[in-house]
Structure formats: structure tokens, C-alpha cells
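target.csv follows; it contains CSV, C-alpha atoms and all ligand atoms.
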chain,number,residue,atom,x,y,z
Z,6,MET,CA,14.8,24.2,-11.1
Z,7,PRO,CA,11.5,22.4,-12.0
Z,8,ASP,CA,8.8,21.9,-9.4
Z,9,ALA,CA,9.1,18.6,-7.6
Z,10,TYR,CA,5.4,17.7,-8.3
Z,11,GLU,CA,3.1,18.7,-11.1
Z,12,LEU,CA,-0.5,18.0,-12.1
Z,13,VAL,CA,-1.1,15.8,-15.1
Z,14,GLN,CA,-4.4,15.4,-16.9
Z,15,LEU,CA,-5.1,11.7,-17.8
Z,16,LYS,CA,-6.9,10.5,-20.9
Z,17,ASN,CA,-10.2,10.1,-19.0
Z,18,GLY,CA,-10.0,13.8,-18.0
Z,19,THR,CA,-9.1,13.3,-14.3
Z,20,TRP,CA,-6.1,14.9,-12.8
Z,21,SER,CA,-3.2,13.1,-11.0
Z,22,VAL,CA,0.0,14.1,-9.3
Z,23,ARG,CA,3.4,13.4,-11.0
Z,24,SER,CA,6.8,13.4,-9.3
Z,25,THR,CA,9.2,15.1,-11.7
Z,26,ALA,CA,12.2,13.7,-9.8
Z,27,GLU,CA,11.0,10.1,-10.0
Z,28,GLY,CA,9.4,10.6,-13.4
Z,29,GLU,CA,6.3,8.7,-12.1
Z,30,THR,CA,2.6,9.6,-12.0
Z,31,PHE,CA,1.0,8.5,-8.7
Z,32,HIS,CA,-2.1,7.0,-10.2
Z,33,PRO,CA,-1.4,6.9,-13.9
Z,34,VAL,CA,-4.3,5.6,-15.9
Z,35,VAL,CA,-7.8,5.7,-14.2
Z,36,GLY,CA,-6.9,8.5,-11.8
Z,37,PRO,CA,-6.4,8.7,-8.0
Z,38,GLN,CA,-9.9,8.1,-6.7
Z,39,ALA,CA,-10.9,5.3,-9.2
Z,40,GLU,CA,-7.6,3.5,-8.6
Z,41,ALA,CA,-7.9,3.7,-4.8
Z,42,GLU,CA,-11.5,2.5,-5.0
Z,43,ALA,CA,-10.7,-0.5,-7.1
Z,44,LEU,CA,-7.4,-1.5,-5.5
Z,45,TYR,CA,-8.0,-0.7,-1.8
Z,46,VAL,CA,-11.7,-0.1,-1.2
Z,47,ARG,CA,-13.0,-3.0,-3.2
Z,48,GLY,CA,-9.8,-5.1,-3.3
Z,49,LEU,CA,-9.4,-5.1,0.5
Z,50,ARG,CA,-13.2,-5.1,1.2
Z,51,VAL,CA,-12.5,-2.4,3.7
Z,52,ALA,CA,-16.2,-1.5,4.5
Z,53,GLU,CA,-17.3,-5.1,5.0
Z,54,ARG,CA,-14.3,-6.0,7.1
Z,55,MET,CA,-14.6,-2.9,9.2
Z,56,ALA,CA,-18.3,-3.4,9.7
Z,57,ALA,CA,-17.7,-7.0,10.9
Z,58,HIS,CA,-14.8,-6.0,13.2
Z,59,GLN,CA,-15.3,-6.1,17.0
Z,60,GLY,CA,-13.0,-4.9,19.8
Z,61,GLY,CA,-10.6,-2.0,19.5
Z,62,PRO,CA,-9.8,0.3,16.7
Z,63,TRP,CA,-9.7,-0.8,13.0
Z,64,VAL,CA,-6.1,-0.2,12.0
Z,65,ILE,CA,-4.9,1.0,8.6
Z,66,TRP,CA,-1.3,1.3,7.5
Z,67,ASP,CA,-0.9,3.6,4.6
Z,68,VAL,CA,2.6,3.0,3.2
Z,69,GLY,CA,3.5,5.8,0.8
Z,70,LEU,CA,1.1,8.5,1.9
Z,71,GLY,CA,2.1,10.7,-1.0
Z,72,ALA,CA,-0.8,13.0,-2.0
Z,73,ALA,CA,-3.2,10.9,0.2
Z,74,ALA,CA,-5.6,9.8,-2.5
Z,75,ASN,CA,-5.6,6.2,-1.2
Z,76,ILE,CA,-6.2,6.9,2.4
Z,77,LEU,CA,-8.8,9.7,1.9
Z,78,THR,CA,-10.7,7.5,-0.6
Z,79,VAL,CA,-10.6,4.6,1.9
Z,80,LEU,CA,-11.8,6.8,4.8
Z,81,ARG,CA,-14.6,8.1,2.7
Z,82,ALA,CA,-15.7,4.5,2.0
Z,83,LEU,CA,-15.8,3.3,5.6
Z,84,PRO,CA,-19.2,2.8,7.3
Z,85,ALA,CA,-20.5,5.6,9.5
Z,86,ASN,CA,-21.1,4.7,13.2
Z,87,GLY,CA,-18.5,2.1,12.9
Z,88,CYS,CA,-15.7,1.3,15.3
Z,89,PRO,CA,-12.8,3.8,15.9
Z,90,VAL,CA,-10.3,4.0,13.1
Z,91,ARG,CA,-6.6,4.4,13.6
Z,92,VAL,CA,-4.4,5.3,10.6
Z,93,LEU,CA,-0.6,5.2,10.4
Z,94,SER,CA,0.6,6.9,7.3
Z,95,PHE,CA,4.3,6.6,6.2
Z,96,ASP,CA,6.3,8.8,3.8
Z,97,HIS,CA,9.7,10.4,3.8
Z,98,THR,CA,8.2,13.6,2.5
Z,99,LEU,CA,5.0,15.6,3.1
Z,100,GLU,CA,5.5,17.7,0.0
Z,101,PRO,CA,3.0,15.7,-2.2
Z,102,LEU,CA,0.4,16.2,0.5
Z,103,ARG,CA,1.0,19.9,0.6
Z,104,PHE,CA,0.8,19.9,-3.2
Z,105,ALA,CA,-2.5,18.0,-3.2
Z,106,LEU,CA,-4.0,20.5,-0.7
Z,107,ARG,CA,-3.0,23.4,-2.9
Z,108,HIS,CA,-4.5,21.7,-6.0
Z,109,ARG,CA,-7.6,20.2,-4.3
Z,110,ALA,CA,-10.0,21.7,-6.8
Z,111,ALA,CA,-8.4,19.8,-9.7
Z,112,LEU,CA,-7.8,16.6,-7.7
Z,113,GLY,CA,-11.3,16.5,-6.1
Z,114,TYR,CA,-10.7,13.8,-3.5
Z,115,VAL,CA,-9.3,16.2,-0.9
Z,116,THR,CA,-12.5,18.2,-0.9
Z,117,GLY,CA,-14.3,17.9,2.5
Z,118,HIS,CA,-11.1,16.7,4.2
Z,119,GLU,CA,-9.2,19.9,4.1
Z,120,ALA,CA,-9.2,20.5,7.8
Z,121,LEU,CA,-8.0,17.0,8.6
Z,122,VAL,CA,-5.2,17.3,6.1
Z,123,GLU,CA,-4.2,20.7,7.3
Z,124,ARG,CA,-4.1,19.5,10.9
Z,125,LEU,CA,-2.1,16.4,9.9
Z,126,LEU,CA,0.5,18.6,8.1
Z,127,THR,CA,0.8,20.9,11.1
Z,128,HIS,CA,0.8,18.4,14.0
Z,129,ARG,CA,1.6,15.1,12.3
Z,130,ARG,CA,-1.4,13.7,14.1
Z,131,VAL,CA,-5.1,14.5,14.1
Z,132,ILE,CA,-7.8,13.1,16.3
Z,133,ARG,CA,-11.4,13.6,15.3
Z,134,ASP,CA,-14.3,12.6,17.6
Z,135,ASN,CA,-17.2,14.2,15.7
Z,136,GLY,CA,-17.1,12.6,12.3
Z,137,PRO,CA,-18.8,9.5,10.9
Z,138,PHE,CA,-16.4,7.4,13.2
Z,139,PRO,CA,-13.8,8.4,15.7
Z,140,LEU,CA,-10.5,8.8,13.8
Z,141,ASP,CA,-6.9,8.9,15.1
Z,142,TRP,CA,-4.5,9.6,12.1
Z,143,GLU,CA,-0.8,10.0,12.5
Z,144,VAL,CA,2.0,10.3,9.9
Z,145,HIS,CA,5.5,9.1,10.3
Z,146,GLN,CA,7.8,11.1,8.2
Z,147,ALA,CA,11.0,9.0,7.7
Z,148,ASP,CA,12.6,6.5,5.4
Z,149,PHE,CA,10.2,3.6,5.7
Z,150,PRO,CA,12.7,0.6,5.6
Z,151,THR,CA,14.8,2.3,8.3
Z,152,LEU,CA,11.7,3.0,10.4
Z,153,LEU,CA,10.4,-0.6,10.1
Z,154,ASN,CA,13.6,-1.9,11.6
Z,155,GLY,CA,13.9,0.8,14.3
Z,156,PRO,CA,12.8,0.2,17.9
Z,157,GLY,CA,9.6,2.2,17.6
Z,158,SER,CA,7.9,-0.1,15.1
Z,159,THR,CA,7.2,-2.8,17.7
Z,160,SER,CA,4.8,-0.3,19.5
Z,161,TRP,CA,2.7,0.3,16.4
Z,162,PRO,CA,-0.8,-1.2,16.6
Z,163,SER,CA,-1.0,-4.3,14.3
Z,164,PRO,CA,-2.7,-3.5,11.0
Z,165,HIS,CA,-6.0,-4.9,9.6
Z,166,VAL,CA,-5.2,-3.5,6.2
Z,167,ILE,CA,-2.1,-2.2,4.5
Z,168,LEU,CA,-2.3,0.1,1.5
Z,169,PHE,CA,1.2,-0.4,-0.1
Z,170,ASP,CA,1.9,2.2,-2.7
Z,171,ALA,CA,5.6,3.0,-3.3
Z,172,PHE,CA,7.0,4.0,-6.7
Z,173,SER,CA,7.8,1.1,-9.0
Z,174,PRO,CA,10.4,-1.5,-8.0
Z,175,ALA,CA,12.7,-0.3,-10.8
Z,176,ARG,CA,12.6,3.3,-9.5
Z,177,ASN,CA,12.2,2.7,-5.8
Z,178,PRO,CA,13.9,-0.7,-5.1
Z,179,ALA,CA,14.5,0.0,-1.4
Z,180,MET,CA,10.7,-0.2,-0.7
Z,181,TRP,CA,10.4,-3.7,-2.4
Z,182,THR,CA,13.1,-5.8,-0.8
Z,183,LEU,CA,12.5,-9.1,0.8
Z,184,SER,CA,13.6,-7.7,4.2
Z,185,VAL,CA,10.9,-5.0,4.0
Z,186,PHE,CA,8.1,-7.5,3.4
Z,187,ARG,CA,9.5,-9.9,6.0
Z,188,ARG,CA,9.5,-7.2,8.6
Z,189,LEU,CA,6.0,-6.1,7.6
Z,190,ARG,CA,4.8,-9.7,8.0
Z,191,GLU,CA,6.5,-9.9,11.5
Z,192,LEU,CA,4.6,-6.7,12.5
Z,193,ALA,CA,1.3,-8.2,11.2
Z,194,PRO,CA,0.9,-11.4,13.2
Z,195,PRO,CA,-2.1,-13.6,12.2
Z,196,SER,CA,-3.8,-12.9,15.6
Z,197,THR,CA,-4.9,-9.6,13.8
Z,198,PRO,CA,-6.3,-10.6,10.4
Z,199,CYS,CA,-4.5,-8.4,7.9
Z,200,ALA,CA,-4.7,-8.0,4.1
Z,201,MET,CA,-2.3,-5.9,2.0
Z,202,ALA,CA,-3.0,-4.7,-1.5
Z,203,THR,CA,-0.5,-3.3,-4.0
Z,204,TYR,CA,-0.8,-2.4,-7.7
Z,205,SER,CA,2.1,-4.5,-9.0
Z,206,ARG,CA,1.5,-8.1,-10.3
Z,207,ALA,CA,5.2,-8.7,-11.0
Z,208,THR,CA,6.4,-12.2,-10.4
Z,209,LEU,CA,9.3,-10.8,-8.5
Z,210,LEU,CA,7.0,-9.0,-6.1
Z,211,ARG,CA,4.7,-12.1,-5.6
Z,212,VAL,CA,7.7,-14.4,-4.9
Z,213,THR,CA,9.0,-11.8,-2.4
Z,214,LEU,CA,5.7,-11.7,-0.6
Z,215,LEU,CA,5.5,-15.5,-0.5
Z,216,LEU,CA,9.0,-15.9,0.8
Z,217,ALA,CA,8.3,-13.2,3.4
Z,218,GLY,CA,5.6,-15.4,4.8
Z,219,TRP,CA,2.4,-13.9,3.3
Z,220,HIS,CA,-0.4,-15.8,1.5
Z,221,VAL,CA,-0.7,-14.3,-1.9
Z,222,GLY,CA,-3.4,-14.0,-4.5
Z,223,VAL,CA,-4.6,-12.1,-7.5
Z,224,GLY,CA,-5.8,-8.6,-6.6
Z,225,HIS,CA,-8.6,-6.5,-8.0
Z,226,ALA,CA,-8.3,-5.1,-11.5
Z,227,THR,CA,-7.9,-1.3,-11.6
Z,228,GLY,CA,-8.8,-0.4,-15.2
Z,229,GLU,CA,-5.1,0.1,-15.8
Z,230,LYS,CA,-4.2,-3.5,-14.9
Z,231,GLU,CA,-6.2,-6.6,-15.2
Z,232,GLU,CA,-4.5,-8.0,-12.1
Z,233,THR,CA,-2.9,-6.5,-9.0
Z,234,THR,CA,-1.7,-8.4,-5.9
Z,235,LEU,CA,-3.3,-9.1,-2.6
Z,236,ALA,CA,-1.4,-10.6,0.3
Z,237,ALA,CA,-2.7,-11.6,3.7
Z,238,ASN,CA,-1.5,-13.1,7.0
Z,239,ARG,CA,-4.4,-15.6,6.9
Z,240,PRO,CA,-5.3,-17.7,3.8
Z,241,GLU,CA,-9.1,-17.1,4.2
Z,242,LEU,CA,-8.5,-13.4,3.3
Z,243,ILE,CA,-7.4,-14.4,-0.2
Z,244,GLN,CA,-10.2,-15.1,-2.6
Z,245,GLU,CA,-8.0,-16.1,-5.6
Z,246,PRO,CA,-4.8,-17.6,-4.3
Z,247,LEU,CA,-1.8,-18.1,-6.7
Z,248,GLY,CA,-1.7,-21.8,-7.6
Z,249,LEU,CA,0.5,-24.3,-9.2
Z,250,GLU,CA,0.2,-22.8,-12.7
Z,251,TRP,CA,1.5,-19.5,-11.4
Z,252,LEU,CA,4.3,-21.4,-9.6
Z,253,ARG,CA,5.4,-23.1,-12.8
Z,254,ARG,CA,5.5,-19.7,-14.6
Z,255,ALA,CA,7.5,-18.3,-11.7
Z,256,GLN,CA,10.0,-21.1,-12.2
Z,257,ARG,CA,10.5,-20.2,-15.8
Z,258,SER,CA,10.5,-16.4,-15.3
Z,259,THR,CA,13.6,-14.4,-16.0
Z,260,SER,CA,12.6,-11.9,-13.2
Z,261,ALA,CA,11.5,-13.8,-10.1
Z,262,GLU,CA,14.3,-13.6,-7.6
Z,263,PRO,CA,13.5,-11.2,-4.7
Z,264,LEU,CA,15.6,-8.1,-4.2
Z,265,HIS,CA,17.9,-8.9,-1.4
Z,266,THR,CA,19.5,-5.4,-1.5
Z,267,PRO,CA,18.0,-2.1,-2.4
Z,268,GLU,CA,19.2,-2.3,-6.0
Z,269,TYR,CA,16.9,-3.2,-8.9
Z,270,ARG,CA,17.9,-6.1,-11.1
Z,271,GLN,CA,16.2,-9.0,-12.7
Z,272,GLN,CA,17.2,-12.6,-12.1
Z,273,PRO,CA,15.5,-16.0,-12.4
Z,274,LEU,CA,14.8,-17.8,-9.1
Z,275,SER,CA,17.8,-19.1,-7.2
Z,276,ALA,CA,17.8,-22.7,-6.2
Z,277,ALA,CA,17.3,-21.7,-2.5
Z,278,SER,CA,14.3,-19.5,-3.4
Z,279,TRP,CA,12.7,-22.1,-5.6
Z,280,SER,CA,13.0,-24.7,-2.8
Z,281,SER,CA,11.5,-22.3,-0.2
Z,282,LEU,CA,8.7,-21.3,-2.6
Z,283,GLN,CA,7.7,-24.9,-3.2
Z,284,ALA,CA,7.5,-25.5,0.5
Z,285,HIS,CA,5.1,-22.6,1.1
Z,286,PRO,CA,1.9,-23.9,2.6
Z,287,GLN,CA,-0.1,-22.2,-0.1
Z,288,PHE,CA,1.1,-24.8,-2.6
Z,289,GLY,CA,0.0,-27.7,-0.6
Z,290,SER,CA,3.3,-29.3,0.3
Z,301,LIG,C1,3.1,6.4,-5.7
Z,301,LIG,S1,3.5,7.6,-4.5
Z,301,LIG,C2,2.2,7.3,-3.3
Z,301,LIG,C3,0.9,7.9,-3.7
Z,301,LIG,C4,-0.1,8.0,-2.6
Z,301,LIG,N1,-0.4,6.7,-2.0
Z,301,LIG,C5,-1.4,8.7,-2.9
Z,301,LIG,O1,-2.5,8.1,-2.8
Z,301,LIG,O2,-1.3,9.8,-3.4
Z,301,LIG,C6,4.8,6.8,-3.6
Z,301,LIG,C7,5.2,7.5,-2.3
Z,301,LIG,O3,6.2,6.7,-1.7
Z,301,LIG,C8,7.1,7.5,-1.0
Z,301,LIG,N2,8.4,6.9,-0.8
Z,301,LIG,C9,9.2,6.4,-1.7
Z,301,LIG,N3,10.3,5.9,-1.1
Z,301,LIG,C10,10.1,6.0,0.2
Z,301,LIG,C11,10.9,5.6,1.4
Z,301,LIG,N4,12.1,5.1,1.2
Z,301,LIG,N5,10.4,5.9,2.6
Z,301,LIG,C12,9.2,6.5,2.8
Z,301,LIG,N6,8.4,6.8,1.7
Z,301,LIG,C13,8.9,6.6,0.5
Z,301,LIG,C14,7.2,8.7,-2.0
Z,301,LIG,O4,7.7,9.9,-1.3
Z,301,LIG,C15,5.8,8.8,-2.5
Z,301,LIG,O5,5.0,9.8,-1.9

Would it be possible to restate this file's structure as C-alpha cells?
Ligand SMILES: C[S@@+](CC[C@H](N)C(=O)[O-])C[C@H]1O[C@@H](n2cnc3c(N)ncnc32)[C@H](O)[C@@H]1O
Amino acid sequence: MPDAYELVQLKNGTWSVRSTAEGETFHPVVGPQAEAEALYVRGLRVAERMAAHQGGPWVIWDVGLGAAANILTVLRALPANGCPVRVLSFDHTLEPLRFALRHRAALGYVTGHEALVERLLTHRRVIRDNGPFPLDWEVHQADFPTLLNGPGSTSWPSPHVILFDAFSPARNPAMWTLSVFRRLRELAPPSTPCAMATYSRATLLRVTLLLAGWHVGVGHATGEKEETTLAANRPELIQEPLGLEWLRRAQRSTSAEPLHTPEYRQQPLSAASWSSLQAHPQFGS
């Protein structure tokens, strides 16, 4: 049987993790650290937002922990002497993280964080008081959509940022349904300003986020993609909101209707979705 994960060397010479079962490379073009820096560190302006934050811990939800490139790169970018940081990571398997720890020399980004990762793997939670900022990092190992709808999710601290990194909608449709993003939005009330970044710019995803109640804009380029997607529970967190031109393209798109069940398919907007989309406050009606 082939190993579940393997290292792949990208054209720019960096190494990334690939899931052989899913046939997908975690950070396929510019590499783990460069993608995480573009999409999450710069795209979510994590350092600036955390530096300006007052009162209570700064909360990060890391959806699709995988090999931890995103979260470790974000932690490295946060300002020292800042407020306490609380991280909730989610994945149904910890195997990619074990794999990353074993292959830390090639991957690079784990270096310096080995003790944290080892403790997280052993105890599922690690509390650090002696680093650049106090850190409380826990991992929930479970099916994410099931966990979101379970009773425990209401006791999670509301997020300030969400790093959303599942496999692609075609491979991993259960993670991209309208109900997942609706529930995420319910758990991210605007009383805690929250921005969420993800690598996809698909019309289907953007419609899903809008219908789930998020404000949605163009996200930071990553080198692989000219555009990604940024969503937020408050409009002022979106620098480049999707506008009427995008809305007209969505109306004509052959793949815009959200996934209502965890099966991937492509469909144009239904009449009901089109009507809800036009009524979204982002489009001024
Ligand atoms: C692209 S990888 C994440 C890469 C990771 N963020 C990193 O920086 O290395 C996608 C992750 O989503 C996880 N995943 C996929 N479906 C899931 C589900 N239903 N529940 C929880 N995690 C899931 C996979 O196990 C995988 O680790």
C-alpha cells in the first residue's frame, strides 16, 4: 500500500506535502510558507489586527490543520509582546502533522516549533507562557461539519480570523457546503470582528459565502492565483468587495449554485439563490 502522504518538490525548489489518497498537494505552486504568508499573513493582516486588538485573547480558527504550514507561519508572523493567542485547529486526521514533523528538515517551517507540535500531537492541547506571546493551542480531531453542528461548538471562543484550507470543492465537497459556511457565520457574530481567507476564487464558493451571510471580497494573490477570496462578518474588513460586475458574471456562470449536499456538481444559480444574492447588503439593495 502506498504511504498516505509524500513529499513533493515544487518547481521553485521548495518541498510540499501531498496526500496520495486525495491526489492533492497541500500548497501546490509557491510552497507552504510562501502561500501561507500571502494568503493568511498578508491577506488577513494578522499582525496589524492583532497589534490593534484589546481585551482578551486573539482567536484563530485553523480549519484543515493538515501539516500545519498555515498556522505555524501565522504564529511566526504575530507581534511579540502582544496579547495572548488562542488557536483552535481542526482536522479529522493528525497524520499529515506527524508526517511534517518527521520531514521538518525538507519542509523548513516546522523548525523552531518542534516542541510545540510534539506536545500538541501528544496532548491535543499545548499552553505556552514563555514565548513571544502566551499561546493556548488545541486541536479538535473530528469530522469538521459534524463538529460544527454538535453541541460543543457553541462554547468555542469566537474567531478573529479563520484560515480555511480544505481540499478542493471537487475532492472535498463536504467542507464547502452552504450549511458549513452558514454555521461558521453563526459562530462568528459581528461583535467579534472576523475575517476568513481561503485559496479558492470559484464563483460557487463566493456565492456560498454571500448566501451564508458573509461580506465577500477579492483576497490576496498567492503567486499561484491572481485572486483568492476574503470573507468577513463586518464590511470594513474587506478592502476589495465583490461588486455589481462580479454579480453579473455570477448570474451568467454555469457553476454558481452553492452545494446544498456534500456532493460536488456544477449548476447555474437557482431563481431563489439569485434573488437572495441580489438582496445581499453588499450590493446596495
Ligand atoms: C489542504 S490540506 C490542509 C493543509 C494545511 N492547512 C497546512 O497548512 O498544511 C486539507 C486538510 O483538510 C482536512 N480535511 C478534509 N476533510 C475534512 C473533514 N471532513 N473534517 C476535518 N478535516 C478535513 C484534511 O485531512 C487535510 O489535512

To check your reading of the model: which residues sit at most 8 Å from ligand LIG 301 (chain Z) when counting only C-alpha atoms and all ligand atoms? Write the answer as number ranges by chain. Z: 22, 29-32, 37, 41, 67-76, 95-99, 101-102, 146-150, 168-173, 177, 179-180

Requested in this report: Could you give me, as a ChimeraX atom specification, the residues that have an atom at most 10 Å away from the point (-4.1, -5.2, -5.4) in the coordinates of the file, using all atoms listed in the file?
Outcome: /Z:40-41,43-45,47-49,168-170,200-206,222-227,230,232-236

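Atom pair CA of Leu249 in chain Z / CA of Arg211 in chain Z: separated by 13.4 Å.
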
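The two atoms in question, CA of Ala52 in chain Z and CA of Arg187 in chain Z, are spaced 27.1 Å apart.
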
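When only C-alpha atoms are used to measure the gap to Ala110 in chain Z, the shortest distance among Z:Leu12, Z:Leu140, Z:Ala284, Z:Val51 belongs to Z:Leu12.
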
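For the set Z:His128, Z:His118, Z:His165, Z:Lys16, the residue with the smallest atom-to-atom gap to Arg50 in chain Z is Z:His165, counting only C-alpha atoms.
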